[in-house]
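Student: Got start_38.txt for you, compact mmCIF, C-alpha atoms and all ligand atoms:
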# COMPACT_ATOMS: atom_id res chain seq x y z
CA MET M 12 49.41 79.63 176.73
CA LYS M 13 48.18 79.15 173.17
CA ILE M 14 49.73 77.95 169.91
CA THR M 15 49.52 80.82 167.41
CA GLU M 16 51.45 79.65 164.35
CA VAL M 17 53.55 76.79 162.99
CA LYS M 18 56.18 77.19 160.26
CA THR M 19 58.58 74.80 158.58
CA ALA M 20 62.14 74.94 157.26
CA ARG M 21 63.60 72.54 154.73
CA VAL M 22 67.36 72.77 154.60
CA ARG M 23 69.69 70.81 152.35
CA VAL M 24 73.08 71.04 154.00
CA LYS M 25 75.83 71.06 151.40
CA ILE M 26 79.16 69.29 151.39
CA ASP M 27 81.66 70.56 148.77
CA GLY M 28 78.89 72.69 147.28
CA ARG M 29 76.51 69.77 146.73
CA PRO M 30 73.31 69.11 148.75
CA ARG M 31 74.02 66.15 151.00
CA TYR M 32 71.78 66.05 154.08
CA GLN M 33 68.16 67.20 154.04
CA TYR M 34 66.70 68.31 157.34
CA ASN M 35 63.07 69.18 157.99
CA TYR M 36 62.43 71.51 160.90
CA VAL M 37 59.18 72.67 162.53
CA ARG M 38 58.91 75.93 164.47
CA MET M 39 55.95 76.45 166.80
CA TYR M 40 55.06 79.94 168.03
CA THR M 41 52.89 80.87 171.03
CA ASP M 42 51.03 83.90 172.37
CA GLU M 43 53.60 84.18 175.20
CA GLY M 44 56.56 84.67 172.89
CA ILE M 45 58.01 81.22 173.61
CA TYR M 46 58.73 79.11 170.55
CA GLY M 47 59.76 75.48 170.11
CA THR M 48 61.56 73.58 167.37
CA GLY M 49 61.09 70.01 166.16
CA GLU M 50 62.41 67.84 163.36
CA ALA M 51 60.63 65.31 161.13
CA SER M 52 62.68 62.57 159.49
CA HIS M 53 62.14 60.32 156.48
CA VAL M 54 59.37 62.52 155.06
CA ASP M 55 58.75 63.42 151.43
CA GLY M 56 58.13 66.66 149.55
CA GLY M 57 54.52 66.86 150.74
CA TRP M 58 55.65 67.20 154.32
CA ARG M 59 55.47 71.00 154.51
CA ASP M 60 51.85 71.13 153.37
CA SER M 61 50.92 68.23 155.68
CA THR M 62 52.55 69.99 158.63
CA ARG M 63 50.66 73.19 157.83
CA ASP M 64 47.32 71.35 157.59
CA MET M 65 47.99 69.39 160.78
CA ALA M 66 49.05 72.50 162.70
CA SER M 67 45.79 74.27 161.81
CA LEU M 68 44.03 71.66 163.99
CA ILE M 69 45.86 72.73 167.16
CA ILE M 70 46.07 76.54 166.76
CA GLY M 71 44.66 77.97 169.99
CA MET M 72 45.39 74.83 172.05
CA ASP M 73 47.82 74.89 174.99
CA PRO M 74 51.13 73.42 173.70
CA ARG M 75 51.91 72.08 177.17
CA ASP M 76 49.11 69.54 176.60
CA VAL M 77 51.49 67.68 174.33
CA ASP M 78 49.69 64.34 174.18
CA ALA M 79 46.28 65.96 173.68
CA CYS M 80 47.59 68.10 170.78
CA PHE M 81 49.15 64.95 169.28
CA GLU M 82 45.92 62.97 169.54
CA GLN M 83 43.87 65.89 168.20
CA ILE M 84 45.86 65.68 164.97
CA ARG M 85 46.31 61.91 164.84
CA ARG M 86 42.60 61.15 165.23
CA SER M 87 41.73 63.71 162.55
CA TYR M 88 44.19 61.97 160.25
CA ILE M 89 42.92 58.40 160.60
CA PHE M 90 42.12 58.29 156.85
CA ARG M 91 45.34 60.09 155.90
CA GLY M 92 48.18 58.30 157.67
CA GLY M 93 47.12 58.52 161.31
CA PHE M 94 48.02 54.85 161.83
CA ALA M 95 51.48 54.74 160.22
CA GLY M 96 53.67 56.19 157.52
CA LEU M 97 54.22 59.72 156.26
CA GLY M 98 51.31 61.18 158.23
CA ILE M 99 52.83 60.05 161.50
CA SER M 100 56.30 61.25 160.46
CA ALA M 101 55.01 64.77 159.74
CA LEU M 102 53.08 64.74 163.03
CA THR M 103 56.27 63.71 164.82
CA GLY M 104 58.01 66.96 163.86
CA ILE M 105 55.14 68.88 165.47
CA GLU M 106 55.28 66.70 168.58
CA ILE M 107 58.95 67.40 169.17
CA ALA M 108 58.33 71.17 168.80
CA LEU M 109 55.51 70.85 171.37
CA TRP M 110 57.93 69.29 173.86
CA ASP M 111 60.47 72.05 173.30
CA VAL M 112 57.78 74.66 174.04
CA ALA M 113 56.49 72.71 177.05
CA GLY M 114 59.97 72.47 178.58
CA LYS M 115 60.79 76.13 177.98
CA ALA M 116 57.41 77.24 179.37
CA GLN M 117 58.10 75.39 182.60
CA GLY M 118 61.82 76.20 182.72
CA VAL M 119 62.90 72.54 182.73
CA PRO M 120 64.60 70.14 180.30
CA VAL M 121 62.25 67.83 178.43
CA TYR M 122 63.60 64.74 180.20
CA ARG M 123 62.24 66.18 183.49
CA LEU M 124 58.75 66.19 181.96
CA LEU M 125 59.27 62.60 180.76
CA GLY M 126 59.75 61.40 184.34
CA GLY M 127 63.35 62.48 184.91
CA LYS M 128 66.61 60.90 183.86
CA PHE M 129 68.30 57.61 184.57
CA ARG M 130 71.58 58.88 183.09
CA ASP M 131 73.32 62.17 182.24
CA ARG M 132 75.01 60.89 179.08
CA VAL M 133 73.40 58.97 176.26
CA ARG M 134 75.56 56.38 174.56
CA LEU M 135 75.82 56.49 170.77
CA TYR M 136 76.78 53.75 168.37
CA VAL M 137 78.40 54.64 165.06
CA ASP M 138 76.62 53.48 161.91
CA SER M 139 79.45 52.63 159.52
CA ALA M 140 77.69 51.06 156.51
CA HIS M 141 80.35 49.37 154.36
CA THR M 142 83.37 51.43 155.47
CA ASN M 143 86.77 49.92 156.19
CA TYR M 144 86.20 48.25 159.53
CA LYS M 145 89.76 48.42 160.81
CA GLU M 146 90.14 52.15 160.20
CA ARG M 147 86.63 52.90 161.39
CA SER M 148 86.88 50.91 164.61
CA ALA M 149 90.20 52.57 165.50
CA GLU M 150 88.68 56.02 164.96
CA VAL M 151 85.51 55.07 166.80
CA ARG M 152 87.52 54.00 169.83
CA GLU M 153 89.75 57.04 169.71
CA ARG M 154 86.71 59.35 169.78
CA GLY M 155 85.31 57.56 172.83
CA PHE M 156 82.58 55.46 171.25
CA THR M 157 82.02 51.92 172.53
CA ALA M 158 79.75 50.48 169.84
CA VAL M 159 79.69 50.30 166.07
CA LYS M 160 77.50 48.94 163.27
CA PHE M 161 78.41 47.70 159.81
CA ASP M 162 76.26 46.56 156.87
CA LEU M 163 76.44 42.93 155.83
CA ASP M 164 73.91 42.94 153.01
CA ASP M 165 75.17 43.68 149.54
CA ALA M 166 72.69 44.05 146.67
CA ASN M 167 75.58 43.59 144.24
CA ASN M 168 76.95 40.39 145.75
CA PRO M 169 78.07 38.43 142.65
CA HIS M 170 76.70 35.19 144.11
CA LYS M 171 73.08 36.42 144.28
CA LEU M 172 70.55 34.50 142.18
CA ASP M 173 69.07 37.75 140.85
CA ARG M 174 68.23 41.19 142.19
CA TRP M 175 64.70 40.26 143.31
CA ASN M 176 65.32 36.91 144.96
CA TRP M 177 65.94 37.07 148.73
CA SER M 178 67.37 33.58 149.23
CA VAL M 179 71.04 33.17 150.06
CA THR M 180 73.21 30.97 147.82
CA PRO M 181 75.99 28.91 149.44
CA ASP M 182 78.71 31.24 148.08
CA GLU M 183 76.81 34.36 149.12
CA LEU M 184 76.32 32.91 152.61
CA LYS M 185 80.02 32.15 152.81
CA SER M 186 80.97 35.68 151.75
CA ILE M 187 78.58 37.21 154.32
CA VAL M 188 79.83 34.98 157.14
CA ASP M 189 83.50 35.48 156.23
CA GLN M 190 82.95 39.24 156.19
CA ALA M 191 81.28 39.16 159.63
CA PHE M 192 84.15 37.14 161.13
CA GLU M 193 86.72 39.47 159.56
CA ILE M 194 84.92 42.48 161.04
CA ARG M 195 84.84 40.97 164.53
CA GLU M 196 88.47 39.96 164.32
CA GLY M 197 89.46 43.38 162.94
CA ILE M 198 87.68 45.45 165.60
CA GLY M 199 88.51 43.25 168.59
CA ALA M 200 86.32 41.56 171.15
CA SER M 201 85.44 44.48 173.37
CA LEU M 202 83.68 46.92 171.01
CA ASP M 203 79.95 46.28 170.89
CA LEU M 204 79.17 45.19 167.33
CA ALA M 205 75.89 45.30 165.39
CA LEU M 206 75.50 44.01 161.83
CA ASP M 207 72.68 45.11 159.52
CA LEU M 208 70.93 43.02 156.83
CA HIS M 209 68.31 45.73 155.96
CA GLY M 210 65.49 43.19 155.67
CA ARG M 211 66.85 41.94 152.36
CA TYR M 212 66.60 38.17 152.95
CA ASP M 213 63.87 35.55 153.16
CA ALA M 214 63.16 33.68 156.40
CA THR M 215 65.34 30.67 155.61
CA ALA M 216 68.25 32.88 154.54
CA GLY M 217 67.81 35.05 157.63
CA MET M 218 67.92 31.97 159.85
CA LYS M 219 71.01 30.56 158.15
CA ILE M 220 72.90 33.85 158.53
CA ALA M 221 71.84 34.37 162.16
CA HIS M 222 72.90 30.81 163.01
CA GLU M 223 76.34 31.19 161.43
CA LEU M 224 77.04 34.39 163.40
CA GLU M 225 76.22 32.97 166.83
CA SER M 226 79.80 32.81 168.08
CA LEU M 227 80.50 36.50 167.33
CA ASN M 228 78.86 37.88 170.48
CA LEU M 229 76.96 40.48 168.46
CA MET M 230 75.16 43.36 170.13
CA TRP M 231 72.55 42.52 167.50
CA LEU M 232 71.84 41.35 163.96
CA GLU M 233 69.50 43.90 162.40
CA GLU M 234 66.50 43.03 160.22
CA PRO M 235 67.33 39.57 158.84
CA VAL M 236 63.90 39.79 157.15
CA PRO M 237 61.48 42.71 156.54
CA PRO M 238 59.45 43.68 159.61
CA GLU M 239 55.86 43.13 158.44
CA ASN M 240 55.52 39.45 159.28
CA ILE M 241 55.75 39.00 163.03
CA GLU M 242 55.49 35.19 162.85
CA ALA M 243 58.50 34.98 160.53
CA LEU M 244 60.48 37.08 163.02
CA VAL M 245 59.34 34.85 165.89
CA LYS M 246 60.62 31.83 163.97
CA ILE M 247 64.06 33.40 163.43
CA THR M 248 64.42 34.93 166.89
CA ARG M 249 63.54 31.61 168.58
CA ALA M 250 65.83 29.61 166.30
CA THR M 251 69.04 31.48 167.07
CA THR M 252 71.05 32.83 170.00
CA THR M 253 72.14 35.80 167.84
CA PRO M 254 70.15 38.79 169.21
CA ILE M 255 67.71 40.08 166.57
CA CYS M 256 66.89 43.81 166.37
CA VAL M 257 64.02 45.32 164.35
CA GLY M 258 61.66 48.29 164.28
CA GLU M 259 63.08 51.20 162.26
CA ASN M 260 60.07 51.06 159.93
CA LEU M 261 57.33 50.52 162.53
CA TYR M 262 55.11 53.34 163.83
CA LEU M 263 53.46 54.20 167.15
CA ARG M 264 52.94 51.84 170.10
CA HIS M 265 50.52 49.93 167.93
CA GLY M 266 53.29 49.03 165.51
CA PHE M 267 55.29 47.43 168.32
CA ARG M 268 52.49 45.72 170.28
CA GLU M 269 52.38 42.33 168.58
CA LEU M 270 56.16 42.30 168.11
CA LEU M 271 56.63 42.71 171.86
CA GLU M 272 53.78 40.43 172.94
CA LYS M 273 55.23 37.62 170.85
CA GLN M 274 58.81 38.58 171.75
CA ALA M 275 59.56 38.45 168.04
CA ALA M 276 62.77 40.45 168.51
CA ASP M 277 65.41 40.65 171.23
CA ILE M 278 65.99 44.41 170.83
CA ILE M 279 63.81 47.18 169.33
CA MET M 280 64.91 50.25 167.35
CA PRO M 281 62.06 52.74 166.83
CA ASP M 282 63.04 55.88 164.90
CA ILE M 283 62.00 58.56 167.39
CA SER M 284 61.78 61.49 164.94
CA LYS M 285 59.74 59.47 162.48
CA CYS M 286 57.48 56.99 164.31
CA GLY M 287 55.55 59.20 166.73
CA GLY M 288 57.94 61.35 168.74
CA LEU M 289 59.16 61.63 172.29
CA SER M 290 56.02 60.63 174.24
CA GLU M 291 55.25 57.76 171.96
CA CYS M 292 58.77 56.36 172.02
CA ARG M 293 59.03 56.63 175.77
CA LYS M 294 55.83 54.57 175.93
CA ILE M 295 57.22 52.06 173.40
CA ALA M 296 60.39 51.73 175.51
CA ASN M 297 58.24 51.17 178.61
CA MET M 298 56.29 48.44 176.81
CA ALA M 299 59.58 46.77 175.86
CA GLU M 300 60.89 47.06 179.40
CA ILE M 301 58.29 44.65 180.78
CA TYR M 302 59.62 42.00 178.37
CA TYR M 303 63.21 42.86 179.42
CA ILE M 304 63.82 44.02 175.85
CA PRO M 305 66.38 46.80 175.33
CA PHE M 306 65.59 50.02 173.45
CA ALA M 307 68.19 51.08 170.83
CA PRO M 308 66.62 53.79 168.62
CA HIS M 309 67.35 54.15 164.93
CA ASN M 310 68.45 57.69 164.07
CA ASN M 311 69.45 59.35 160.82
CA SER M 312 68.51 62.91 161.79
CA SER M 313 70.37 66.14 162.44
CA ALA M 314 71.90 67.14 165.76
CA LEU M 315 68.60 68.76 166.85
CA SER M 316 66.62 65.54 166.72
CA THR M 317 69.52 63.51 168.05
CA VAL M 318 69.37 65.64 171.19
CA GLY M 319 65.57 65.18 171.24
CA ASP M 320 66.10 61.41 171.06
CA ALA M 321 68.59 61.64 173.90
CA HIS M 322 65.92 63.09 176.22
CA VAL M 323 63.86 59.92 175.67
CA CYS M 324 66.88 57.62 175.98
CA ALA M 325 67.81 59.25 179.29
CA SER M 326 64.29 58.78 180.65
CA VAL M 327 64.00 54.98 180.35
CA PRO M 328 66.01 52.31 182.18
CA ASN M 329 66.21 49.85 179.26
CA PHE M 330 68.13 52.14 176.88
CA LEU M 331 71.05 50.38 175.14
CA ALA M 332 72.49 52.71 172.46
CA LEU M 333 71.31 55.46 170.07
CA GLU M 334 72.38 55.45 166.43
CA PHE M 335 74.76 58.11 165.06
CA HIS M 336 75.05 58.34 161.27
CA ARG M 337 77.25 61.39 160.73
CA PHE M 338 80.66 60.23 161.91
CA HIS M 339 82.56 62.20 159.26
CA ASP M 340 80.08 65.02 158.68
CA PRO M 341 81.97 68.34 159.06
CA THR M 342 78.64 70.20 159.31
CA TRP M 343 77.25 68.11 162.17
CA ASP M 344 77.73 70.75 164.89
CA ASN M 345 77.03 73.68 162.55
CA VAL M 346 73.26 73.22 162.58
CA LEU M 347 73.14 74.08 166.28
CA ASP M 348 73.97 77.35 167.97
CA SER M 349 76.01 75.93 170.79
CA ASP M 350 79.29 76.62 172.56
CA GLU M 351 79.98 72.94 173.18
CA PRO M 352 79.76 69.97 170.81
CA VAL M 353 76.59 67.93 171.31
CA ILE M 354 78.62 64.72 171.26
CA GLN M 355 81.40 64.33 173.77
CA ASP M 356 83.34 61.13 174.23
CA GLY M 357 80.83 59.09 172.21
CA HIS M 358 77.81 60.32 174.16
CA VAL M 359 75.14 63.03 173.90
CA VAL M 360 75.57 65.06 177.06
CA LEU M 361 72.29 66.38 178.47
CA THR M 362 72.15 69.72 180.26
CA GLU M 363 69.81 71.54 182.63
CA LYS M 364 68.76 73.98 179.88
CA PRO M 365 64.98 74.18 179.36
CA GLY M 366 63.17 72.41 176.52
CA LEU M 367 65.39 70.39 174.21
CA GLY M 368 68.26 72.54 175.50
CA VAL M 369 69.55 73.39 172.02
CA GLU M 370 68.69 76.00 169.37
CA LEU M 371 69.23 75.94 165.62
CA ASN M 372 72.03 78.02 164.14
CA GLU M 373 69.83 79.96 161.74
CA GLU M 374 72.71 81.87 160.21
CA PHE M 375 74.33 78.61 159.09
CA LEU M 376 71.05 77.07 157.95
CA THR M 377 70.16 80.19 155.95
CA SER M 378 73.55 80.01 154.23
CA GLN M 379 72.64 76.51 152.99
CA LEU M 380 69.36 77.51 151.31
CA ASP M 381 68.96 77.54 147.55
CA ASP M 382 68.55 80.95 145.90
CA GLY M 383 65.12 82.42 146.51
CA GLU M 384 64.33 80.15 149.46
CA SER M 385 63.66 81.54 152.93
CA LEU M 386 64.22 79.62 156.14
CA TRP M 387 60.83 79.60 157.85
CA GLU M 388 57.75 79.28 155.66
MG MG O 1 68.93 49.38 159.71
Before we go any further, please render this structure as structure tokens.

Tutor:
Amino acid sequence: MKITEVKTARVRVKIDGRPRYQYNYVRMYTDEGIYGTGEASHVDGGWRDSTRDMASLIIGMDPRDVDACFEQIRRSYIFRGGFAGLGISALTGIEIALWDVAGKAQGVPVYRLLGGKFRDRVRLYVDSAHTNYKERSAEVRERGFTAVKFDLDDANNPHKLDRWNWSVTPDELKSIVDQAFEIREGIGASLDLALDLHGRYDATAGMKIAHELESLNLMWLEEPVPPENIEALVKITRATTTPICVGENLYLRHGFRELLEKQAADIIMPDISKCGGLSECRKIANMAEIYYIPFAPHNNSSALSTVGDAHVCASVPNFLALEFHRFHDPTWDNVLDSDEPVIQDGHVVLTEKPGLGVELNEEFLTSQLDDGESLWE
């Protein structure tokens, strides 16, 4: 089997006539008529050209040699983002398409090729940003979810020193802590609760906030500081019993190595459709497992990639929860051509269908294109 062609689709799904969610899909074609689809997340406008250039390096290769195709591109891109960043994110879309082809070619779901599954259903947690926590938690429970996340950072907090300073003033600290306690009280003790700081504080501020939240039994506190300085994270993680979760802006196994070796976080959250793909994230989860660190991937992608993520989450024992961003998105299920909703009772339900087990609804996606655009280019 040989890869013959790779095309891309950029679709801006509209809500009330306005573009709202941008999805970036990769379609890989082979000489045996089997095709696969992937999705790249958090890429920029250069992504389509990058994908085309990268794909030219694996035309003629066997797509079932997923890791070899991946390395063929990655090593050629060492000077152009082969270590981290946009290069890896574009490559990730290709990697997911490779897995879809590989599964279909062998007539098995991708999780079988990743070593089989530990679970049939993959638990989601609902990212809720700054929404009303009482309403949201009631809805979350009603729809079968068992975990939720809210944002605690607020760039417009009136008690901030200025917009660049990352320290926390006493009044800002009080407002953050009060908010966290109100959320926990409002949602009850039994929902798993994560709170996100988006890396917008300095190390002292991060430590103060983490310390104040210790009695809330959080699932995690996310990114008290930015992720680049492992020693700063070590300091915070060791100083508090609040579980610290980081990793949505790290890439490849290499990006997680020092973090794990130094146990600088209690939980990791790689973004599977951005930081290297299914193979790479399974390996990252396996690295975390030997430190007894749970794997709770970040995810802001469409239903296609969310299902792709679920194959990885099913294949590792230390999976905790996968992020779900589109709680009120009426178009969520429309992007897939499927008889059943992807999410049932707060979980992604995996099937025995080959490859990723889902196909894009091209009729819907085509209807979302701007005038003059075609789906696959
Ligand atoms: Mg986050």

Student: Find the residue from M:Thr157, M:Asn311, M:Thr48, M:Thr342 that sits nearest to ligand MG 1 (chain O); use all atoms listed in the file when measuring.

Tutor: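 Of the candidates, the smallest distance to ligand MG 1 (chain O) is held by M:Asn311.
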
Student: Using all atoms listed in the file, find the one residue out of M:Ser100, M:Val137, M:Ala79, M:Gly93 that sits nearest to Glu150 of chain M.

Tutor: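 When distances to Glu150 of chain M are compared using all atoms listed in the file, the smallest one comes from M:Val137.
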
Student: Dump as a list in words all residues having an atom at most 9 Å from (77.0, 49.1, 167.3), computed in the file's coordinates with only C-alpha atoms.

Tutor: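 Answer for this query, in the requested form: Leu135, Tyr136, Val137, Asp138, Ser139, Thr157, Ala158, Val159, Lys160, Phe161, Leu202, Asp203, Leu204, Ala205, Leu206, Leu229, Met230, Trp231, Ala332, Leu333 and Glu334 of chain M.
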
Student: Return as CSV the residues of segment 319-353 of chain M lying at most 12 Å from segment 105-111 of chain M, together with the closest atom-to-atom pair for each and the distance in Å to one decimal, counting all atoms listed in the file, with rows in chain order and ascending residue number.

Tutor:
residue,atom,partner,partner_atom,distance
M:Gly319,CA,M:Ile107,CA,7.3
M:Asp320,CA,M:Ile107,CA,9.5
M:His322,CA,M:Trp110,CA,10.4
M:Val323,CA,M:Ile107,CA,11.1

Student: Tell me, as a PyMOL selection string, which residues lie within 10 Å of segment 357-364 of chain M, counting only C-alpha atoms; anything in the same chain fewer than 5 positions away does not count.

Tutor: chain M and resi 114-115+118-123+128+130-137+151-158+314+317-322+325+332-333+335+351-352+369

Student: Those residues you just picked out, can you put them in a file as a PDB file, keeping the file's coordinate frame with C-alpha atoms?

Tutor:
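Saved the output as selection32.pdb:
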ATOM      1  CA  GLY M 114      59.970  72.470 178.580  1.00  0.00           C
ATOM      2  CA  LYS M 115      60.790  76.130 177.980  1.00  0.00           C
ATOM      3  CA  GLY M 118      61.820  76.200 182.720  1.00  0.00           C
ATOM      4  CA  VAL M 119      62.900  72.540 182.730  1.00  0.00           C
ATOM      5  CA  PRO M 120      64.600  70.140 180.300  1.00  0.00           C
ATOM      6  CA  VAL M 121      62.250  67.830 178.430  1.00  0.00           C
ATOM      7  CA  TYR M 122      63.600  64.740 180.200  1.00  0.00           C
ATOM      8  CA  ARG M 123      62.240  66.180 183.490  1.00  0.00           C
ATOM      9  CA  LYS M 128      66.610  60.900 183.860  1.00  0.00           C
ATOM     10  CA  ARG M 130      71.580  58.880 183.090  1.00  0.00           C
ATOM     11  CA  ASP M 131      73.320  62.170 182.240  1.00  0.00           C
ATOM     12  CA  ARG M 132      75.010  60.890 179.080  1.00  0.00           C
ATOM     13  CA  VAL M 133      73.400  58.970 176.260  1.00  0.00           C
ATOM     14  CA  ARG M 134      75.560  56.380 174.560  1.00  0.00           C
ATOM     15  CA  LEU M 135      75.820  56.490 170.770  1.00  0.00           C
ATOM     16  CA  TYR M 136      76.780  53.750 168.370  1.00  0.00           C
ATOM     17  CA  VAL M 137      78.400  54.640 165.060  1.00  0.00           C
ATOM     18  CA  VAL M 151      85.510  55.070 166.800  1.00  0.00           C
ATOM     19  CA  ARG M 152      87.520  54.000 169.830  1.00  0.00           C
ATOM     20  CA  GLU M 153      89.750  57.040 169.710  1.00  0.00           C
ATOM     21  CA  ARG M 154      86.710  59.350 169.780  1.00  0.00           C
ATOM     22  CA  GLY M 155      85.310  57.560 172.830  1.00  0.00           C
ATOM     23  CA  PHE M 156      82.580  55.460 171.250  1.00  0.00           C
ATOM     24  CA  THR M 157      82.020  51.920 172.530  1.00  0.00           C
ATOM     25  CA  ALA M 158      79.750  50.480 169.840  1.00  0.00           C
ATOM     26  CA  ALA M 314      71.900  67.140 165.760  1.00  0.00           C
ATOM     27  CA  THR M 317      69.520  63.510 168.050  1.00  0.00           C
ATOM     28  CA  VAL M 318      69.370  65.640 171.190  1.00  0.00           C
ATOM     29  CA  GLY M 319      65.570  65.180 171.240  1.00  0.00           C
ATOM     30  CA  ASP M 320      66.100  61.410 171.060  1.00  0.00           C
ATOM     31  CA  ALA M 321      68.590  61.640 173.900  1.00  0.00           C
ATOM     32  CA  HIS M 322      65.920  63.090 176.220  1.00  0.00           C
ATOM     33  CA  ALA M 325      67.810  59.250 179.290  1.00  0.00           C
ATOM     34  CA  ALA M 332      72.490  52.710 172.460  1.00  0.00           C
ATOM     35  CA  LEU M 333      71.310  55.460 170.070  1.00  0.00           C
ATOM     36  CA  PHE M 335      74.760  58.110 165.060  1.00  0.00           C
ATOM     37  CA  GLU M 351      79.980  72.940 173.180  1.00  0.00           C
ATOM     38  CA  PRO M 352      79.760  69.970 170.810  1.00  0.00           C
ATOM     39  CA  VAL M 369      69.550  73.390 172.020  1.00  0.00           C
TER      40      VAL M 369
END

Student: Select, from M:Ile278, M:Thr377, M:Ala296, M:Ser284, the residue with the minimum atom-to-atom distance to Arg264 of chain M, counting only C-alpha atoms.

Tutor: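 The answer is M:Ala296, which sits nearest to Arg264 of chain M.
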
Student: Compare M:Asp213, M:Thr251, M:Phe330, M:Asp162 by their minimum atom-to-atom distance to ligand MG 1 (chain O), counting all atoms listed in the file, and give me the closest one.

Tutor: M:Asp162

Student: For the interface of chain M with ligand MG 1 (chain O) (cut-off 7 Å, counting all atoms listed in the file), please tabulate each contacting residue of chain M alongside its nearest pair of atoms and their separation in Å to one decimal, rows sorted by chain and increasing number, as CSV.

Tutor:
residue,atom,partner,partner_atom,distance
M:Asp207,CA,O:MG1,MG,5.7
M:His209,CA,O:MG1,MG,5.3
M:Glu233,CA,O:MG1,MG,6.1
M:Glu234,CA,O:MG1,MG,6.8
M:Glu259,CA,O:MG1,MG,6.6

Student: Identify which of the residues M:Val22, M:Ile14, M:Leu270, M:Cys256 lies closest to Glu384 of chain M, counting only C-alpha atoms when measuring atom-to-atom distances.

Tutor: M:Val22

Student: Report, in Å to a single decimal, how far apart atom CA of Lys18 of chain M and atom CA of Gln117 of chain M are.

Tutor: 22.5 Å

Student: Looking at only C-alpha atoms, which of M:Ser61, M:Gln33, M:Ser326, M:Thr252 is the one that sits closest to Cys292 of chain M?

Tutor: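 Result for the nearest residue to Cys292 of chain M: M:Ser326.
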
Student: Go ahead and compute the interatomic distance for atom CA of Phe375 of chain M and atom CA of Asp42 of chain M, in Å to one decimal.

Tutor: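 For atom CA of Phe375 of chain M relative to atom CA of Asp42 of chain M, the distance reads 27.3 Å.
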
Student: Reconstruct N, CA and C atoms of segment 193-205 of chain M; output as a CSV table (one decimal), in the coordinates of the input.

Tutor:
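Everything below was put into rebuild_0.csv:
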chain,number,residue,atom,x,y,z
M,193,GLU,N,85.6,38.5,159.8
M,193,GLU,CA,86.7,39.5,159.6
M,193,GLU,C,86.5,40.8,160.3
M,194,ILE,N,85.2,41.2,160.3
M,194,ILE,CA,84.9,42.5,161.0
M,194,ILE,C,85.2,42.3,162.5
M,195,ARG,N,84.7,41.2,163.1
M,195,ARG,CA,84.8,41.0,164.5
M,195,ARG,C,86.3,40.8,164.9
M,196,GLU,N,87.0,40.1,164.0
M,196,GLU,CA,88.5,40.0,164.3
M,196,GLU,C,89.2,41.3,164.2
M,197,GLY,N,88.8,42.1,163.2
M,197,GLY,CA,89.5,43.4,162.9
M,197,GLY,C,89.2,44.4,164.0
M,198,ILE,N,88.0,44.4,164.6
M,198,ILE,CA,87.7,45.4,165.6
M,198,ILE,C,88.0,45.0,167.0
M,199,GLY,N,88.2,43.7,167.2
M,199,GLY,CA,88.5,43.2,168.6
M,199,GLY,C,87.3,42.8,169.3
M,200,ALA,N,87.4,42.2,170.4
M,200,ALA,CA,86.3,41.6,171.2
M,200,ALA,C,85.5,42.5,172.0
M,201,SER,N,86.1,43.7,172.3
M,201,SER,CA,85.4,44.5,173.4
M,201,SER,C,84.6,45.6,172.8
M,202,LEU,N,84.7,46.0,171.6
M,202,LEU,CA,83.7,46.9,171.0
M,202,LEU,C,82.4,46.2,170.8
M,203,ASP,N,81.3,46.9,171.2
M,203,ASP,CA,80.0,46.3,170.9
M,203,ASP,C,79.7,46.4,169.4
M,204,LEU,N,79.3,45.3,168.8
M,204,LEU,CA,79.2,45.2,167.3
M,204,LEU,C,77.8,44.8,166.9
M,205,ALA,N,77.2,45.6,166.0
M,205,ALA,CA,75.9,45.3,165.4
M,205,ALA,C,76.1,45.1,163.9
